[in-house]
file my_file_7.pdb (PDB, C-alpha atoms)
ATOM      1  CA  MET N   1    -142.690   3.300 -13.697
ATOM      2  CA  ASN N   2    -142.945   2.574  -9.989
ATOM      3  CA  ALA N   3    -144.489   5.371  -7.983
ATOM      4  CA  ILE N   4    -143.755   5.935  -4.318
ATOM      5  CA  GLN N   5    -146.789   5.602  -2.070
ATOM      6  CA  ILE N   6    -146.519   7.444   1.241
ATOM      7  CA  PRO N   7    -149.286   6.604   3.726
ATOM      8  CA  ALA N   8    -151.197   9.387   5.412
ATOM      9  CA  CYS N   9    -149.404  10.143   8.663
ATOM     10  CA  TYR N  10    -150.200  13.818   9.228
ATOM     11  CA  TYR N  11    -152.708  14.470   6.498
ATOM     12  CA  ALA N  12    -156.041  12.912   5.599
ATOM     13  CA  TYR N  13    -154.862  11.649   2.209
ATOM     14  CA  ASN N  14    -152.209   9.302   0.888
ATOM     15  CA  HIS N  15    -149.291  10.918  -0.888
ATOM     16  CA  SER N  16    -147.927   9.613  -4.184
ATOM     17  CA  LEU N  17    -144.676  10.607  -5.893
ATOM     18  CA  PRO N  18    -144.185   9.958  -9.645
ATOM     19  CA  PHE N  19    -140.804   8.190  -9.385
ATOM     20  CA  ALA N  20    -139.154   5.284  -7.606
ATOM     21  CA  TRP N  21    -136.754   5.447  -4.658
ATOM     22  CA  HIS N  22    -133.866   4.041  -6.722
ATOM     23  CA  ASP N  23    -134.070   7.127  -8.991
ATOM     24  CA  VAL N  24    -133.573   9.584  -6.115
ATOM     25  CA  VAL N  25    -130.017  10.908  -5.658
ATOM     26  CA  ARG N  26    -130.781  13.107  -2.646
ATOM     27  CA  LEU N  27    -133.507  14.899  -0.740
ATOM     28  CA  GLU N  28    -132.959  18.533   0.220
ATOM     29  CA  GLY N  29    -135.036  20.280   2.853
ATOM     30  CA  SER N  30    -136.018  23.845   2.150
ATOM     31  CA  GLY N  31    -138.214  25.174   4.929
ATOM     32  CA  ASN N  32    -141.516  23.320   4.794
ATOM     33  CA  TYR N  33    -140.712  21.830   1.374
ATOM     34  CA  THR N  34    -138.636  18.882   0.205
ATOM     35  CA  VAL N  35    -136.767  18.915  -3.099
ATOM     36  CA  PHE N  36    -136.106  15.496  -4.638
ATOM     37  CA  VAL N  37    -133.086  15.471  -6.969
ATOM     38  CA  LEU N  38    -133.410  12.599  -9.426
ATOM     39  CA  GLN N  39    -130.800  10.593 -11.302
ATOM     40  CA  ASN N  40    -131.735  12.155 -14.661
ATOM     41  CA  GLY N  41    -131.173  15.690 -13.312
ATOM     42  CA  GLN N  42    -134.817  16.568 -12.772
ATOM     43  CA  THR N  43    -136.094  17.959  -9.501
ATOM     44  CA  HIS N  44    -139.435  17.436  -7.846
ATOM     45  CA  VAL N  45    -140.736  19.721  -5.073
ATOM     46  CA  SER N  46    -143.055  18.363  -2.408
ATOM     47  CA  THR N  47    -145.001  20.274   0.233
ATOM     48  CA  LYS N  48    -144.038  17.863   3.014
ATOM     49  CA  THR N  49    -140.988  18.382   5.192
ATOM     50  CA  ILE N  50    -137.895  16.218   4.896
ATOM     51  CA  GLY N  51    -138.678  14.682   8.286
ATOM     52  CA  ASN N  52    -141.960  13.263   6.996
ATOM     53  CA  TYR N  53    -140.109  11.349   4.295
ATOM     54  CA  GLY N  54    -137.419  10.173   6.717
ATOM     55  CA  LEU N  55    -139.907   7.725   8.217
ATOM     56  CA  PHE N  56    -140.443   5.889   4.923
ATOM     57  CA  LEU N  57    -136.971   5.881   3.349
ATOM     58  CA  PRO N  58    -135.280   2.599   2.399
ATOM     59  CA  SER N  59    -132.070   1.626   4.172
ATOM     60  CA  GLN N  60    -129.753   2.953   1.420
ATOM     61  CA  PHE N  61    -130.570   6.562   2.381
ATOM     62  CA  ILE N  62    -128.398   8.343   4.944
ATOM     63  CA  ARG N  63    -129.180  11.629   6.648
ATOM     64  CA  ILE N  64    -125.980  13.675   6.522
ATOM     65  CA  HIS N  65    -127.383  17.032   7.570
ATOM     66  CA  LYS N  66    -130.662  18.333   8.931
ATOM     67  CA  ARG N  67    -131.437  19.566   5.431
ATOM     68  CA  CYS N  68    -130.006  16.728   3.335
ATOM     69  CA  ILE N  69    -130.528  12.986   2.918
ATOM     70  CA  VAL N  70    -128.412  11.170   0.313
ATOM     71  CA  ASN N  71    -128.738   7.846  -1.451
ATOM     72  CA  ARG N  72    -125.556   5.914  -0.631
ATOM     73  CA  GLU N  73    -125.632   4.285  -4.096
ATOM     74  CA  PHE N  74    -124.789   7.685  -5.606
ATOM     75  CA  VAL N  75    -122.031   8.672  -3.153
ATOM     76  CA  THR N  76    -118.688   8.650  -4.962
ATOM     77  CA  GLY N  77    -116.391  10.072  -2.291
ATOM     78  CA  PHE N  78    -115.970  11.770   1.051
ATOM     79  CA  CYS N  79    -113.542  14.528   2.004
ATOM     80  CA  ASP N  80    -112.994  14.691   5.757
ATOM     81  CA  GLN N  81    -111.093  18.005   5.639
ATOM     82  CA  GLN N  82    -113.842  19.861   3.784
ATOM     83  CA  LYS N  83    -116.599  17.813   5.469
ATOM     84  CA  VAL N  84    -118.440  17.116   2.209
ATOM     85  CA  VAL N  85    -119.779  14.101   0.337
ATOM     86  CA  PHE N  86    -119.303  13.960  -3.426
ATOM     87  CA  MET N  87    -122.246  12.677  -5.431
ATOM     88  CA  ALA N  88    -122.386  10.923  -8.806
ATOM     89  CA  ASP N  89    -124.089  13.943 -10.413
ATOM     90  CA  GLY N  90    -121.027  16.102  -9.651
ATOM     91  CA  THR N  91    -122.405  17.950  -6.652
ATOM     92  CA  ALA N  92    -121.043  18.105  -3.118
ATOM     93  CA  ALA N  93    -123.239  17.983  -0.019
ATOM     94  CA  LYS N  94    -122.127  19.284   3.360
ATOM     95  CA  VAL N  95    -121.923  16.760   6.209
ATOM     96  CA  ALA N  96    -122.856  17.748   9.751
ATOM     97  CA  ARG N  97    -120.205  17.273  12.408
ATOM     98  CA  ARG N  98    -122.311  14.815  14.398
ATOM     99  CA  ARG N  99    -123.263  12.774  11.331
ATOM    100  CA  ARG N 100    -119.704  12.135  10.118
ATOM    101  CA  SER N 101    -119.382   8.925  12.120
ATOM    102  CA  SER N 102    -122.256   7.310  10.205
ATOM    103  CA  LEU N 103    -120.462   8.048   6.929
ATOM    104  CA  MET N 104    -117.214   6.504   8.110
ATOM    105  CA  ASN N 105    -119.026   3.155   8.372
ATOM    106  CA  LEU N 106    -119.722   3.056   4.612
TER
END

call {"tool": "encode", "arguments": {"input": "my_file_7.pdb", "output": "structure tokens"}}
result
Amino acid sequence: MNAIQIPACYYAYNHSLPFAWHDVVRLEGSGNYTVFVLQNGQTHVSTKTIGNYGLFLPSQFIRIHKRCIVNREFVTGFCDQQKVVFMADGTAAKVARRRRSSLMNL
């Protein structure tokens, strides 16, 4: 299993996550925590904010809301009227008004 290594940017220690980026469906910000939703349905909570991870994300991740970053490999559809993105795990994530233009380029 490939673990994610995050270098120390704000803290005095390196941060390691027990999964690979290609297993992550989305990242959800919840206050000062980040919830990683994985492909197998598991969740992993981290004590860093979603903005800290935004610096190290691969190019297949798109920030669609201030509290949500999705992996474009797991996006199955987009509804412009409801302003949501449908994910492969059956969930829908809200898209911010100003971030809709980045989704139209998919």

call {"tool": "residues_around", "arguments": {"input": "my_file_7.pdb", "residues": "region 74-87 of chain N", "least_positions_apart": "4", "cutoff": "8 Å", "atoms": "only C-alpha atoms", "output": "ChimeraX atom specification"}}
result
/N:25,70,91-97,100

call {"tool": "residues_around", "arguments": {"input": "my_file_7.pdb", "residues": "region 40-49 of chain N", "least_positions_apart": "3", "cutoff": "10 Å", "atoms": "only C-alpha atoms", "output": "PyMOL selection string"}}
result
chain N and resi 10-11+15+17-19+23-37+52-54+67+89

call {"tool": "closest_residue", "arguments": {"input": "my_file_7.pdb", "among": "N:Trp21, N:Leu55, N:Gln39, N:Ile50", "to": "Ile69 (chain N)", "atoms": "only C-alpha atoms"}}
result
N:Ile50

call {"tool": "atom_distance", "arguments": {"input": "my_file_7.pdb", "atom1": "CA of Gln60 (chain N)", "atom2": "CA of Arg72 (chain N)"}}
result
5.5 Å

call {"tool": "decode", "arguments": {"input": "my_file_7.pdb", "residues": "region 44-72 of chain N", "atoms": "N, CA and C atoms", "output": "compact mmCIF listing (two decimals), in the first residue's frame"}}
result
# COMPACT_ATOMS: atom_id res chain seq x y z
N HIS N 44 -11.51 8.70 6.76
CA HIS N 44 -10.34 8.95 7.59
C HIS N 44 -10.36 10.42 7.97
N VAL N 45 -10.27 10.73 9.26
CA VAL N 45 -10.31 12.10 9.75
C VAL N 45 -8.89 12.55 10.08
N SER N 46 -8.55 13.74 9.61
CA SER N 46 -7.23 14.31 9.87
C SER N 46 -7.40 15.63 10.60
N THR N 47 -6.42 15.99 11.41
CA THR N 47 -6.50 17.23 12.19
C THR N 47 -5.98 18.44 11.44
N LYS N 48 -5.64 18.29 10.18
CA LYS N 48 -5.24 19.44 9.37
C LYS N 48 -6.44 19.95 8.59
N THR N 49 -6.40 21.22 8.22
CA THR N 49 -7.50 21.80 7.46
C THR N 49 -7.40 21.39 6.00
N ILE N 50 -8.48 21.55 5.28
CA ILE N 50 -8.53 21.16 3.87
C ILE N 50 -7.58 22.01 3.03
N GLY N 51 -7.32 23.23 3.46
CA GLY N 51 -6.38 24.09 2.76
C GLY N 51 -4.95 23.60 2.82
N ASN N 52 -4.58 22.95 3.91
CA ASN N 52 -3.23 22.39 4.02
C ASN N 52 -3.01 21.29 3.00
N TYR N 53 -4.03 20.49 2.74
CA TYR N 53 -3.90 19.41 1.77
C TYR N 53 -3.98 19.92 0.33
N GLY N 54 -4.64 21.06 0.13
CA GLY N 54 -4.77 21.62 -1.20
C GLY N 54 -3.44 21.91 -1.87
N LEU N 55 -2.42 22.16 -1.08
CA LEU N 55 -1.09 22.44 -1.62
C LEU N 55 -0.42 21.22 -2.23
N PHE N 56 -0.80 20.03 -1.79
CA PHE N 56 -0.10 18.81 -2.17
C PHE N 56 -0.93 17.86 -3.03
N LEU N 57 -2.11 18.29 -3.45
CA LEU N 57 -3.00 17.41 -4.22
C LEU N 57 -2.52 17.23 -5.65
N PRO N 58 -2.68 16.03 -6.21
CA PRO N 58 -2.38 15.83 -7.63
C PRO N 58 -3.38 16.59 -8.50
N SER N 59 -3.10 16.64 -9.79
CA SER N 59 -3.90 17.47 -10.70
C SER N 59 -5.31 16.95 -10.93
N GLN N 60 -5.62 15.69 -10.59
CA GLN N 60 -6.97 15.17 -10.83
C GLN N 60 -7.97 15.63 -9.76
N PHE N 61 -7.54 16.37 -8.77
CA PHE N 61 -8.45 16.87 -7.74
C PHE N 61 -8.88 18.29 -8.07
N ILE N 62 -10.19 18.56 -7.88
CA ILE N 62 -10.77 19.85 -8.19
C ILE N 62 -11.50 20.36 -6.95
N ARG N 63 -11.24 21.60 -6.59
CA ARG N 63 -11.95 22.21 -5.47
C ARG N 63 -13.25 22.77 -6.00
N ILE N 64 -14.37 22.24 -5.52
CA ILE N 64 -15.68 22.66 -6.01
C ILE N 64 -16.42 23.55 -5.01
N HIS N 65 -15.92 23.59 -3.80
CA HIS N 65 -16.55 24.37 -2.74
C HIS N 65 -15.47 24.62 -1.70
N LYS N 66 -15.68 25.59 -0.84
CA LYS N 66 -14.64 25.85 0.17
C LYS N 66 -14.50 24.69 1.15
N ARG N 67 -15.49 23.82 1.19
CA ARG N 67 -15.44 22.68 2.09
C ARG N 67 -15.34 21.34 1.37
N CYS N 68 -15.10 21.34 0.06
CA CYS N 68 -15.10 20.07 -0.66
C CYS N 68 -14.13 20.09 -1.84
N ILE N 69 -13.31 19.05 -1.92
CA ILE N 69 -12.43 18.82 -3.05
C ILE N 69 -12.73 17.41 -3.55
N VAL N 70 -12.98 17.27 -4.86
CA VAL N 70 -13.34 15.96 -5.41
C VAL N 70 -12.26 15.47 -6.36
N ASN N 71 -12.19 14.15 -6.47
CA ASN N 71 -11.31 13.50 -7.43
C ASN N 71 -12.08 13.36 -8.73
N ARG N 72 -11.60 13.98 -9.80
CA ARG N 72 -12.36 14.00 -11.06
C ARG N 72 -12.53 12.60 -11.66
